[in-house]
$ cat data22.tsv   # TSV, C-alpha atoms
chain	number	residue	atom	x	y	z
A	1304	MET	CA	195.24	140.57	49.24
A	1305	ALA	CA	191.62	141.68	48.66
A	1306	THR	CA	188.85	139.13	49.19
A	1307	LYS	CA	187.03	138.23	46.01
A	1308	PRO	CA	183.34	139.36	46.22
A	1309	ARG	CA	180.82	136.55	46.48
A	1310	THR	CA	178.50	135.88	43.62
A	1311	LYS	CA	174.77	136.00	44.28
A	1312	ALA	CA	174.61	132.20	44.29
A	1313	GLU	CA	177.45	132.04	46.84
A	1314	THR	CA	175.75	134.71	48.98
A	1315	LEU	CA	172.49	132.76	48.96
A	1316	ALA	CA	174.27	129.58	49.96
A	1317	TRP	CA	176.02	131.41	52.80
A	1318	LEU	CA	172.78	133.01	54.02
A	1319	ARG	CA	171.06	129.63	54.11
A	1320	THR	CA	173.97	128.26	56.12
A	1321	ILE	CA	173.75	130.96	58.81
A	1322	ALA	CA	169.92	131.22	58.91
A	1323	GLY	CA	169.69	129.14	62.08
A	1324	GLU	CA	172.46	131.15	63.71
A	1325	LEU	CA	170.67	134.41	62.86
A	1326	ALA	CA	167.42	133.15	64.37
A	1327	THR	CA	169.19	132.12	67.59
A	1328	GLN	CA	170.96	135.49	67.87
A	1329	THR	CA	167.70	137.30	67.24
A	1330	LEU	CA	165.94	135.52	70.11
A	1331	LYS	CA	168.86	136.28	72.41
A	1332	ARG	CA	168.76	139.95	71.40
A	1333	LEU	CA	164.99	140.04	71.99
A	1334	GLU	CA	165.42	138.77	75.55
A	1335	ASP	CA	168.17	141.30	76.23
A	1336	THR	CA	166.52	144.41	74.76
A	1337	LEU	CA	162.72	143.96	74.90
A	1338	PRO	CA	161.26	143.54	78.43
A	1339	TRP	CA	157.80	142.67	77.10
A	1340	TYR	CA	159.23	139.64	75.28
A	1341	GLY	CA	160.64	138.14	78.50
A	1342	ASP	CA	157.28	138.67	80.26
A	1343	MET	CA	155.37	136.65	77.67
A	1344	PRO	CA	154.29	133.05	78.36
A	1345	PRO	CA	156.56	130.39	76.79
A	1346	SER	CA	154.02	129.51	74.08
A	1347	ARG	CA	153.84	133.10	72.85
A	1348	ARG	CA	157.61	133.55	73.01
A	1349	SER	CA	157.87	130.47	70.83
A	1350	ALA	CA	155.36	131.96	68.39
A	1351	VAL	CA	157.36	135.20	68.25
A	1352	GLY	CA	160.46	133.14	67.55
A	1353	LEU	CA	158.69	131.43	64.67
A	1354	VAL	CA	157.78	134.84	63.23
A	1355	ALA	CA	161.41	136.01	63.47
A	1356	GLN	CA	162.65	132.79	61.89
A	1357	ALA	CA	160.04	133.08	59.14
A	1358	GLY	CA	161.19	136.65	58.49
A	1359	ILE	CA	164.78	135.56	58.01
A	1360	SER	CA	163.79	132.67	55.73
A	1361	SER	CA	161.46	134.96	53.78
A	1362	PHE	CA	164.30	137.47	53.29
A	1363	ILE	CA	166.55	134.79	51.85
A	1364	SER	CA	163.79	133.71	49.46
A	1365	TRP	CA	163.07	137.32	48.55
A	1366	PHE	CA	166.78	138.03	47.97
A	1367	ASP	CA	166.76	135.12	45.55
A	1368	ASP	CA	163.64	136.49	43.78
A	1369	PRO	CA	162.56	140.08	44.64
A	1370	ARG	CA	159.34	139.55	42.64
A	1371	SER	CA	158.02	137.59	45.65
A	1372	THR	CA	157.31	140.88	47.52
A	1373	PRO	CA	153.51	140.46	47.51
A	1374	TRP	CA	153.89	137.28	49.52
A	1375	ILE	CA	155.90	138.78	52.37
A	1376	ALA	CA	152.96	139.17	54.74
A	1377	ALA	CA	151.76	135.62	54.16
A	1378	ASP	CA	155.29	134.20	54.50
A	1379	VAL	CA	156.17	135.98	57.73
A	1380	PHE	CA	152.90	136.44	59.59
A	1381	GLY	CA	151.34	133.19	58.43
A	1382	ALA	CA	153.30	131.46	61.19
A	1383	ALA	CA	151.69	133.66	63.86
A	1384	PRO	CA	148.56	132.34	65.57
A	1385	ARG	CA	145.62	134.75	65.72
A	1386	GLU	CA	145.87	135.18	69.48
A	1387	LEU	CA	149.46	136.46	68.98
A	1388	LEU	CA	148.22	139.27	66.72
A	1389	ARG	CA	145.71	140.22	69.41
A	1390	SER	CA	148.27	140.18	72.25
A	1391	VAL	CA	151.23	141.83	70.46
A	1392	SER	CA	150.74	145.45	69.48
A	1393	LEU	CA	151.86	147.01	66.22
A	1394	GLN	CA	154.53	148.95	68.13
A	1395	GLN	CA	155.91	145.71	69.59
A	1396	THR	CA	155.87	144.09	66.16
A	1397	LEU	CA	157.90	146.95	64.72
A	1398	GLN	CA	160.37	146.58	67.61
A	1399	LEU	CA	160.65	142.89	66.73
A	1400	ILE	CA	161.36	143.77	63.09
A	1401	ARG	CA	163.98	146.33	64.09
A	1402	VAL	CA	165.84	143.88	66.34
A	1403	THR	CA	165.80	141.19	63.65
A	1404	VAL	CA	167.11	143.59	61.01
A	1405	GLU	CA	169.85	144.80	63.38
A	1406	VAL	CA	171.00	141.23	63.99
A	1407	VAL	CA	171.09	140.44	60.28
A	1408	GLU	CA	172.90	143.72	59.47
A	1409	ASP	CA	175.55	143.06	62.14
A	1410	ARG	CA	176.16	139.58	60.79
A	1411	VAL	CA	176.41	140.56	57.12
A	1412	LYS	CA	178.06	144.00	57.52
A	1413	ASP	CA	181.11	142.70	55.63
A	1414	GLY	CA	178.94	141.42	52.79
A	1415	SER	CA	178.40	142.90	49.38
A	1416	GLU	CA	176.74	146.26	48.78
A	1417	PRO	CA	173.75	144.64	46.96
A	1418	LEU	CA	173.13	142.48	50.03
A	1419	ARG	CA	173.09	145.49	52.40
A	1420	GLU	CA	170.76	147.37	50.06
A	1421	ALA	CA	168.52	144.32	49.88
A	1422	ILE	CA	168.28	144.23	53.69
A	1423	LEU	CA	167.21	147.89	53.80
A	1424	LEU	CA	164.62	147.40	51.08
A	1425	TYR	CA	163.27	144.21	52.62
A	1426	SER	CA	163.00	145.79	56.09
A	1427	ARG	CA	160.89	148.55	54.54
A	1428	GLU	CA	158.64	146.02	52.81
A	1429	ILE	CA	158.22	143.92	55.95
A	1430	ALA	CA	157.31	147.01	58.01
A	1431	PHE	CA	154.64	147.96	55.49
A	1432	ALA	CA	153.42	144.36	55.47
A	1433	ALA	CA	153.11	144.40	59.27
A	1434	ALA	CA	151.16	147.65	59.18
A	1435	ASP	CA	148.86	146.16	56.54
A	1436	VAL	CA	148.20	143.05	58.66
A	1437	TYR	CA	147.28	145.12	61.71
A	1438	ALA	CA	145.23	147.55	59.64
A	1439	ARG	CA	143.19	144.70	58.20
A	1440	ALA	CA	142.70	143.21	61.64
A	1441	ALA	CA	141.59	146.59	63.02
A	1442	GLU	CA	139.21	147.10	60.10
A	1443	ALA	CA	137.69	143.66	60.58
A	1444	ARG	CA	137.31	144.31	64.31
A	1445	GLY	CA	135.77	147.72	63.61
A	1446	LEU	CA	133.21	146.22	61.22
A	1447	TRP	CA	132.41	143.48	63.72
A	1448	ASP	CA	132.01	146.01	66.56
A	1449	ALA	CA	129.73	148.15	64.37
A	1450	ARG	CA	127.52	145.15	63.58
A	1451	LEU	CA	127.48	144.08	67.22
A	1452	GLU	CA	126.61	147.61	68.37
A	1453	ALA	CA	123.78	147.81	65.83
A	1454	LEU	CA	122.47	144.47	67.11
A	1455	VAL	CA	122.54	145.65	70.74
A	1456	VAL	CA	120.79	148.95	69.90
A	1457	ASP	CA	118.14	147.07	67.90
A	1458	SER	CA	117.55	144.78	70.89
A	1459	ILE	CA	117.16	147.81	73.15
A	1460	LEU	CA	114.71	149.52	70.80
A	1461	SER	CA	112.62	146.41	70.29
A	1462	GLY	CA	112.80	145.28	73.92
A	1463	GLU	CA	113.54	141.75	72.76
A	1464	TYR	CA	116.39	140.57	74.97
A	1465	ASP	CA	118.11	137.23	75.29
A	1466	ASP	CA	120.70	135.79	77.65
A	1467	GLU	CA	123.54	136.89	75.37
A	1468	LEU	CA	122.82	140.64	75.66
A	1469	PRO	CA	125.06	141.24	78.73
A	1470	SER	CA	127.99	139.47	77.04
A	1471	ARG	CA	127.46	141.46	73.83
A	1472	ILE	CA	127.43	144.69	75.81
A	1473	ALA	CA	130.65	143.65	77.57
A	1474	ALA	CA	132.27	142.78	74.23
A	1475	LEU	CA	131.62	146.35	73.06
A	1476	GLY	CA	133.66	147.71	75.96
A	1477	TRP	CA	130.71	149.54	77.52
A	1478	HIS	CA	132.01	151.72	80.36
A	1479	GLY	CA	128.66	153.06	81.50
A	1480	HIS	CA	127.30	152.34	84.96
A	1481	GLY	CA	124.10	153.11	86.80
A	1482	GLU	CA	121.31	155.05	85.12
A	1483	VAL	CA	120.79	155.08	81.36
A	1484	ALA	CA	118.68	157.26	79.05
A	1485	VAL	CA	117.96	157.07	75.32
A	1486	LEU	CA	118.20	160.08	73.00
A	1487	VAL	CA	116.42	160.00	69.62
A	1488	GLY	CA	116.72	162.52	66.81
A	1489	THR	CA	117.29	162.89	63.09
A	1490	ALA	CA	120.50	161.44	61.66
A	1491	PRO	CA	122.83	163.99	60.02
A	1492	LYS	CA	123.91	163.60	56.40
A	1493	GLN	CA	127.46	162.80	57.52
A	1494	LEU	CA	127.67	161.09	60.92
A	1495	ASP	CA	131.09	161.17	62.60
A	1496	VAL	CA	130.76	158.35	65.12
A	1497	ASP	CA	134.20	158.91	66.62
A	1498	HIS	CA	133.41	162.60	67.16
A	1499	VAL	CA	130.23	161.67	69.04
A	1500	ARG	CA	132.13	159.23	71.24
A	1501	ARG	CA	134.83	161.80	72.01
A	1502	ALA	CA	132.20	164.37	72.97
A	1503	ALA	CA	130.52	161.83	75.27
A	1504	ARG	CA	133.82	160.83	76.89
A	1505	HIS	CA	134.56	164.50	77.54
A	1506	MET	CA	131.40	164.57	79.67
A	1507	HIS	CA	132.33	161.28	81.39
A	1508	ALA	CA	129.61	159.42	79.52
A	1509	ASP	CA	129.53	156.41	77.24
A	1510	VAL	CA	127.22	155.93	74.27
A	1511	LEU	CA	125.91	153.17	72.08
A	1512	ILE	CA	125.10	154.51	68.61
A	1513	GLY	CA	122.48	153.21	66.20
A	1514	VAL	CA	121.13	154.56	62.93
A	1515	GLN	CA	117.70	153.39	61.82
A	1516	GLY	CA	116.60	154.95	58.58
A	1517	ASN	CA	116.69	158.70	59.16
A	1518	ARG	CA	116.80	158.35	62.96
A	1519	LEU	CA	119.90	158.54	65.10
A	1520	VAL	CA	119.61	156.76	68.45
A	1521	LEU	CA	122.08	157.25	71.32
A	1522	VAL	CA	121.96	155.08	74.43
A	1523	ILE	CA	123.70	157.20	77.08
A	1524	GLY	CA	125.26	156.04	80.32
A	1525	ARG	CA	127.56	157.78	82.78
A	1526	SER	CA	131.12	156.47	83.08
A	1527	ASP	CA	134.01	157.16	85.44
A	1528	PRO	CA	136.95	159.16	84.07
A	1529	LEU	CA	139.89	156.94	83.22
A	1530	GLY	CA	142.36	156.59	86.08
A	1531	SER	CA	140.18	158.32	88.65
A	1532	GLU	CA	138.82	157.11	91.93
A	1533	PRO	CA	135.03	157.10	92.45
A	1534	GLU	CA	135.22	160.04	94.87
A	1535	GLU	CA	137.08	162.08	92.27
A	1536	THR	CA	134.08	161.99	89.94
A	1537	ILE	CA	131.95	163.92	92.39
A	1538	GLY	CA	131.29	167.33	90.91
A	1539	THR	CA	132.13	166.16	87.38
A	1540	SER	CA	130.07	163.34	85.90
A	1541	ALA	CA	127.65	163.35	88.88
A	1542	ALA	CA	126.90	167.03	88.21
A	1543	LEU	CA	125.71	166.44	84.64
A	1544	THR	CA	122.10	165.45	84.17
A	1545	PHE	CA	121.08	163.44	81.13
A	1546	MET	CA	119.36	166.54	79.76
A	1547	GLU	CA	122.63	168.48	80.07
A	1548	ILE	CA	124.49	165.67	78.28
A	1549	ALA	CA	121.81	165.60	75.57
A	1550	THR	CA	122.08	169.37	75.13
A	1551	GLN	CA	125.83	169.12	74.49
A	1552	LEU	CA	125.34	166.22	72.06
A	1553	GLU	CA	122.63	168.13	70.16
A	1554	PRO	CA	124.97	169.52	67.45
A	1555	HIS	CA	125.76	165.96	66.31
A	1556	PHE	CA	122.15	165.39	65.20
A	1557	GLY	CA	120.48	166.51	62.01
A	1558	PRO	CA	117.70	169.13	61.87
A	1559	GLY	CA	114.40	168.35	63.51
A	1560	HIS	CA	113.18	167.33	66.92
A	1561	LEU	CA	115.37	165.70	69.56
A	1562	VAL	CA	113.72	163.69	72.34
A	1563	LEU	CA	115.26	162.30	75.53
A	1564	GLY	CA	113.66	159.32	77.24
A	1565	HIS	CA	113.39	159.05	81.01
A	1566	GLU	CA	116.18	157.58	83.15
A	1567	VAL	CA	116.17	153.85	83.85
A	1568	PRO	CA	118.30	151.99	86.43
A	1569	ASN	CA	120.59	150.14	84.02
A	1570	LEU	CA	121.30	149.28	80.40
A	1571	VAL	CA	119.15	146.15	80.42
A	1572	ASP	CA	116.09	148.34	81.17
A	1573	ALA	CA	116.97	150.86	78.46
A	1574	SER	CA	114.11	149.65	76.24
A	1575	LYS	CA	111.65	151.52	78.50
A	1576	SER	CA	113.49	154.80	77.94
A	1577	ALA	CA	113.80	153.99	74.22
A	1578	LYS	CA	110.05	153.41	73.85
A	1579	ALA	CA	109.29	156.74	75.51
A	1580	ALA	CA	111.83	158.58	73.36
A	1581	LEU	CA	110.60	156.99	70.13
A	1582	ALA	CA	106.96	157.75	71.00
A	1583	GLY	CA	107.88	161.35	71.83
A	1584	PHE	CA	109.88	161.72	68.61
A	1585	ALA	CA	106.85	160.56	66.59
A	1586	VAL	CA	104.59	163.31	68.00
A	1587	ALA	CA	107.07	166.11	68.82
A	1588	ARG	CA	105.94	168.12	65.78
A	1589	SER	CA	102.53	168.55	67.50
A	1590	TRP	CA	104.12	170.89	70.07
A	1591	ARG	CA	104.77	174.06	68.09
A	1592	HIS	CA	107.50	175.43	70.32
A	1593	ALA	CA	109.02	172.23	71.61
A	1594	PRO	CA	112.57	172.82	72.84
A	1595	ARG	CA	115.53	170.89	71.42
A	1596	PRO	CA	116.16	168.58	73.14
A	1597	VAL	CA	112.84	167.94	74.83
A	1598	HIS	CA	112.10	165.41	77.52
A	1599	ALA	CA	109.74	162.60	76.48
A	1600	ASP	CA	107.66	163.17	79.63
A	1601	ASP	CA	106.98	166.75	78.50
A	1602	LEU	CA	105.18	165.21	75.51
A	1603	LEU	CA	102.87	163.00	77.56
A	1604	PRO	CA	99.61	164.61	76.28
A	1605	GLU	CA	100.59	164.24	72.62
A	1606	ARG	CA	101.82	160.70	73.19
A	1607	ALA	CA	98.61	159.74	75.00
A	1608	LEU	CA	96.46	161.19	72.21
A	1609	ALA	CA	98.50	159.14	69.72
A	1610	GLY	CA	97.62	156.00	71.66
A	1611	ASP	CA	100.88	155.44	73.54
A	1612	PRO	CA	99.96	153.12	76.44
A	1613	LEU	CA	103.15	154.02	78.32
A	1614	ALA	CA	102.20	157.71	78.29
A	1615	ARG	CA	98.67	156.97	79.49
A	1616	ALA	CA	100.00	154.79	82.31
A	1617	THR	CA	102.55	157.48	83.26
A	1618	LEU	CA	99.87	160.19	83.45
A	1619	VAL	CA	97.66	158.01	85.61
A	1620	HIS	CA	100.29	156.58	87.97
A	1621	ARG	CA	102.46	159.68	88.38
A	1622	ILE	CA	99.76	162.36	88.55
A	1623	TYR	CA	96.18	161.15	88.95
A	1624	ARG	CA	96.66	158.27	91.40
A	1625	PRO	CA	99.03	160.13	93.78
A	1626	LEU	CA	96.63	163.08	94.00
A	1627	GLN	CA	93.66	160.78	94.44
A	1628	ALA	CA	95.42	158.87	97.21
A	1629	HIS	CA	96.73	162.00	98.92
A	1630	SER	CA	93.61	164.16	99.01
A	1631	THR	CA	90.37	164.34	97.07
A	1632	GLU	CA	90.30	168.02	98.06
A	1633	LEU	CA	93.48	168.68	96.07
A	1634	LEU	CA	92.15	166.68	93.14
A	1635	THR	CA	88.87	168.64	93.14
A	1636	THR	CA	90.70	171.96	93.39
A	1637	LEU	CA	92.93	171.08	90.44
A	1638	TRP	CA	89.91	170.02	88.36
A	1639	SER	CA	88.12	173.28	89.13
A	1640	TYR	CA	91.20	175.44	88.51
A	1641	LEU	CA	91.82	173.91	85.08
A	1642	ASP	CA	88.14	173.95	84.10
A	1643	ASN	CA	87.93	177.65	85.01
A	1644	GLY	CA	90.77	178.65	82.70
A	1645	ARG	CA	93.36	178.77	85.52
A	1646	SER	CA	91.52	181.60	87.24
A	1647	LEU	CA	92.06	181.78	91.01
A	1648	GLU	CA	88.97	183.92	91.59
A	1649	ALA	CA	86.62	181.74	89.53
A	1650	THR	CA	87.95	178.61	91.25
A	1651	ALA	CA	87.50	180.20	94.67
A	1652	ARG	CA	83.89	181.14	93.88
A	1653	GLU	CA	83.08	177.62	92.71
A	1654	LEU	CA	84.61	176.01	95.80
A	1655	PHE	CA	83.39	178.73	98.24
A	1656	VAL	CA	86.90	179.39	99.54
A	1657	HIS	CA	89.33	182.31	99.54
A	1658	PRO	CA	91.67	182.68	96.50
A	1659	ASN	CA	94.64	182.30	98.86
A	1660	THR	CA	93.27	178.89	99.82
A	1661	VAL	CA	93.20	177.92	96.14
A	1662	ARG	CA	96.77	179.21	95.76
A	1663	TYR	CA	97.88	177.15	98.78
A	1664	ARG	CA	96.21	173.99	97.50
A	1665	LEU	CA	97.82	174.38	94.08
A	1666	LYS	CA	101.21	174.64	95.79
A	1667	ARG	CA	100.41	171.43	97.65
A	1668	VAL	CA	99.53	169.80	94.30
A	1669	SER	CA	102.94	170.79	92.98
A	1670	ASP	CA	104.62	169.39	96.09
A	1671	VAL	CA	102.86	166.05	95.70
A	1672	ILE	CA	103.34	165.39	91.97
A	1673	GLY	CA	106.11	167.79	90.88
A	1674	TRP	CA	104.09	169.61	88.19
A	1675	ASP	CA	102.96	173.25	88.53
A	1676	ALA	CA	99.40	173.86	87.34
A	1677	THR	CA	99.99	177.58	86.89
A	1678	GLY	CA	102.17	177.02	83.82
A	1679	ALA	CA	100.42	176.64	80.46
A	1680	ARG	CA	102.32	173.56	79.29
A	1681	GLU	CA	102.18	171.77	82.64
A	1682	ALA	CA	98.48	172.62	82.94
A	1683	LEU	CA	97.93	170.71	79.67
A	1684	ILE	CA	99.80	167.73	81.08
A	1685	LEU	CA	97.81	167.80	84.30
A	1686	GLN	CA	94.47	168.18	82.53
A	1687	SER	CA	95.31	165.21	80.30
A	1688	ALA	CA	96.14	163.18	83.41
A	1689	LEU	CA	92.81	164.07	85.02
A	1690	ILE	CA	90.85	163.13	81.91
A	1691	ILE	CA	92.65	159.82	81.36
A	1692	GLY	CA	92.61	159.05	85.09
A	1693	SER	CA	88.86	159.57	85.35
A	1694	MET	CA	88.37	157.38	82.28
A	1695	SER	CA	90.51	154.74	83.96
A	1696	ASP	CA	88.34	154.93	87.10
A	1697	HIS	CA	85.23	154.39	85.00
A	1698	GLU	CA	86.78	151.42	83.21
A	1699	HIS	CA	87.66	149.73	86.51
A	1700	GLN	CA	84.28	150.26	88.16
A	1701	PRO	CA	82.46	146.92	88.73
A	1702	ARG	CA	79.51	146.51	86.45
A	1703	ARG	CA	76.15	145.91	88.08
A	1704	ARG	CA	74.38	142.76	87.15
A	1705	PRO	CA	70.81	143.19	86.00
A	1706	ASN	CA	68.16	142.01	88.49

$ encode --input "data22.tsv" --output "structure tokens"
Amino acid sequence: MATKPRTKAETLAWLRTIAGELATQTLKRLEDTLPWYGDMPPSRRSAVGLVAQAGISSFISWFDDPRSTPWIAADVFGAAPRELLRSVSLQQTLQLIRVTVEVVEDRVKDGSEPLREAILLYSREIAFAAADVYARAAEARGLWDARLEALVVDSILSGEYDDELPSRIAALGWHGHGEVAVLVGTAPKQLDVDHVRRAARHMHADVLIGVQGNRLVLVIGRSDPLGSEPEETIGTSAALTFMEIATQLEPHFGPGHLVLGHEVPNLVDASKSAKAALAGFAVARSWRHAPRPVHADDLLPERALAGDPLARATLVHRIYRPLQAHSTELLTTLWSYLDNGRSLEATARELFVHPNTVRYRLKRVSDVIGWDATGAREALILQSALIIGSMSDHEHQPRRRPN
């Protein structure tokens, strides 16, 4: 004799009767089929159980009134604490939904056709609801990370640090280590931040990205490739200079000049590199054939003329003072060579020496300070250093008191 089909009211009453049984079976199935569930601490397993139980209860309420669909996410995931959403991935959540649906389907497989269809439809809705919850969480985290990154870059550019800067950098997941350099250029009309990060990771580098008006600022640090030992990075990230990294990142900037600040030991000192890069970016148009990218130290004369104290100090302490301390003979030879239009013969006549002696001394100058006076651009840098250095000597001379 055929069993008389249950009415909807009878089905609802039966579902409410077995709701506890379904929840218990679901937890047992989770332990048997999902290893990650058994590895969770008891408090989180309990929270997962509450979510599963809420899903079953929400299905019964939804089966009673399908118009309650918009409330599925709130009904099911409202029982989950925020730390659970951070510790359980979307993939694990979908596995949880699948196990719960399988348990319910096995228990009601002899039920009416409308009930089985309702389970399929509800499982679809709950999966979309889960995706929506995680998407909103990811969006909120992305917006927070963007604001935090902008705050960190602003702190680096301004040089105004506080005790919270290291923790903010750590919260951003900064993978850089060791030296850091700042790259400043024009922001493109459409900036693809993810594309910039992927390009940097390909070069075993990490970047902090900031947009200020029409300027795009990248704070660049080297990072180890994921899953590699330190010795494995030799010949990869160690082989790339910051100028080489900047050259490969150049297509991500808009038209105009691109200036790379000098290397600094760590991220906390990045403001020094940022100040040099910003000062160089402000005057780069004064060098007609400036390369792209250009090093900020190659713009020292223009920066000094614009009143940049860092450029003046760099010219004095990296060029003038080392030559002065090493040999006044080298300093005098360089002065004469530059004043005589970089003519070996004219310099030799002025100093009463052979031109080969002048050539030798200029090579010694290059060995001491790293700049070659025979090049037009470097000659400008060196002459600026001599002028500013001599002015600095005059400023520091003790003034004689009148008798």

$ atom_distance --input "data22.tsv" --atom1 "atom CA of A:Asp1409" --atom2 "atom CA of A:Pro1345"
27.1 Å

$ atom_distance --input "data22.tsv" --atom1 "atom CA of A:Thr1489" --atom2 "atom CA of A:Ala1682"
29.0 Å

$ residues_around --input "data22.tsv" --residues "A:Trp1638" --least-positions-apart "5" --cutoff "12 Å" --atoms "all atoms listed in the file" --output "short mmCIF file (atom, residue, chain, number, x, y, z; two decimals) with C-alpha atoms, in the frame of the given file"
data_model
loop_
_atom_site.label_atom_id
_atom_site.label_comp_id
_atom_site.auth_asym_id
_atom_site.auth_seq_id
_atom_site.Cartn_x
_atom_site.Cartn_y
_atom_site.Cartn_z
CA TYR A 1623 96.18 161.15 88.95
CA LEU A 1626 96.63 163.08 94.00
CA GLN A 1627 93.66 160.78 94.44
CA THR A 1631 90.37 164.34 97.07
CA GLU A 1632 90.30 168.02 98.06
CA LEU A 1633 93.48 168.68 96.07
CA ASN A 1643 87.93 177.65 85.01
CA GLY A 1644 90.77 178.65 82.70
CA ARG A 1645 93.36 178.77 85.52
CA SER A 1646 91.52 181.60 87.24
CA THR A 1650 87.95 178.61 91.25
CA GLU A 1653 83.08 177.62 92.71
CA LEU A 1654 84.61 176.01 95.80
CA VAL A 1661 93.20 177.92 96.14
CA ARG A 1664 96.21 173.99 97.50
CA LEU A 1665 97.82 174.38 94.08
CA VAL A 1668 99.53 169.80 94.30
CA ALA A 1676 99.40 173.86 87.34
CA ALA A 1682 98.48 172.62 82.94
CA LEU A 1683 97.93 170.71 79.67
CA LEU A 1685 97.81 167.80 84.30
CA GLN A 1686 94.47 168.18 82.53
CA SER A 1687 95.31 165.21 80.30
CA ALA A 1688 96.14 163.18 83.41
CA LEU A 1689 92.81 164.07 85.02
CA ILE A 1690 90.85 163.13 81.91
CA GLY A 1692 92.61 159.05 85.09
CA SER A 1693 88.86 159.57 85.35
#

$ closest_residue --input "data22.tsv" --among "A:Tyr1340, A:Asp1642, A:Gly1352, A:Val1406" --to "A:Val1391" --atoms "all atoms listed in the file"
A:Tyr1340

$ closest_residue --input "data22.tsv" --among "A:Val1485, A:Met1506, A:Val1402, A:Val1351" --to "A:Leu1337" --atoms "all atoms listed in the file"
A:Val1402

$ residues_around --input "data22.tsv" --residues "A:Pro1596" --least-positions-apart "2" --cutoff "9 Å" --atoms "all atoms listed in the file" --output "PyMOL selection string"
chain A and resi 1486+1488+1546+1549-1550+1553+1560-1563+1593-1594+1598

$ residues_around --input "data22.tsv" --residues "A:Phe1366" --least-positions-apart "4" --cutoff "10 Å" --atoms "all atoms listed in the file" --output "mmCIF file with C-alpha atoms, keeping the file's coordinate frame"
data_model
loop_
_atom_site.group_PDB
_atom_site.id
_atom_site.type_symbol
_atom_site.label_atom_id
_atom_site.label_comp_id
_atom_site.auth_asym_id
_atom_site.auth_seq_id
_atom_site.Cartn_x
_atom_site.Cartn_y
_atom_site.Cartn_z
ATOM 1 C CA LYS A 1311 174.770 136.000 44.280
ATOM 2 C CA THR A 1314 175.750 134.710 48.980
ATOM 3 C CA LEU A 1315 172.490 132.760 48.960
ATOM 4 C CA LEU A 1318 172.780 133.010 54.020
ATOM 5 C CA SER A 1360 163.790 132.670 55.730
ATOM 6 C CA SER A 1361 161.460 134.960 53.780
ATOM 7 C CA PHE A 1362 164.300 137.470 53.290
ATOM 8 C CA ARG A 1370 159.340 139.550 42.640
ATOM 9 C CA SER A 1371 158.020 137.590 45.650
ATOM 10 C CA THR A 1372 157.310 140.880 47.520
ATOM 11 C CA PRO A 1417 173.750 144.640 46.960
ATOM 12 C CA LEU A 1418 173.130 142.480 50.030
ATOM 13 C CA ALA A 1421 168.520 144.320 49.880
ATOM 14 C CA ILE A 1422 168.280 144.230 53.690
ATOM 15 C CA TYR A 1425 163.270 144.210 52.620
#

$ closest_residue --input "data22.tsv" --among "A:Phe1655, A:Thr1336, A:Val1514, A:Val1483" --to "A:Asp1572" --atoms "all atoms listed in the file"
A:Val1483

$ atom_distance --input "data22.tsv" --atom1 "atom CA of A:Asp1611" --atom2 "atom CA of A:Ala1582"
7.0 Å

$ closest_residue --input "data22.tsv" --among "A:Ala1508, A:Asp1675, A:Gly1524, A:Gly1516" --to "A:Tyr1640" --atoms "all atoms listed in the file"
A:Asp1675

$ closest_residue --input "data22.tsv" --among "A:Val1571, A:Val1619, A:Val1496, A:Val1586" --to "A:Gly1559" --atoms "all atoms listed in the file"
A:Val1586
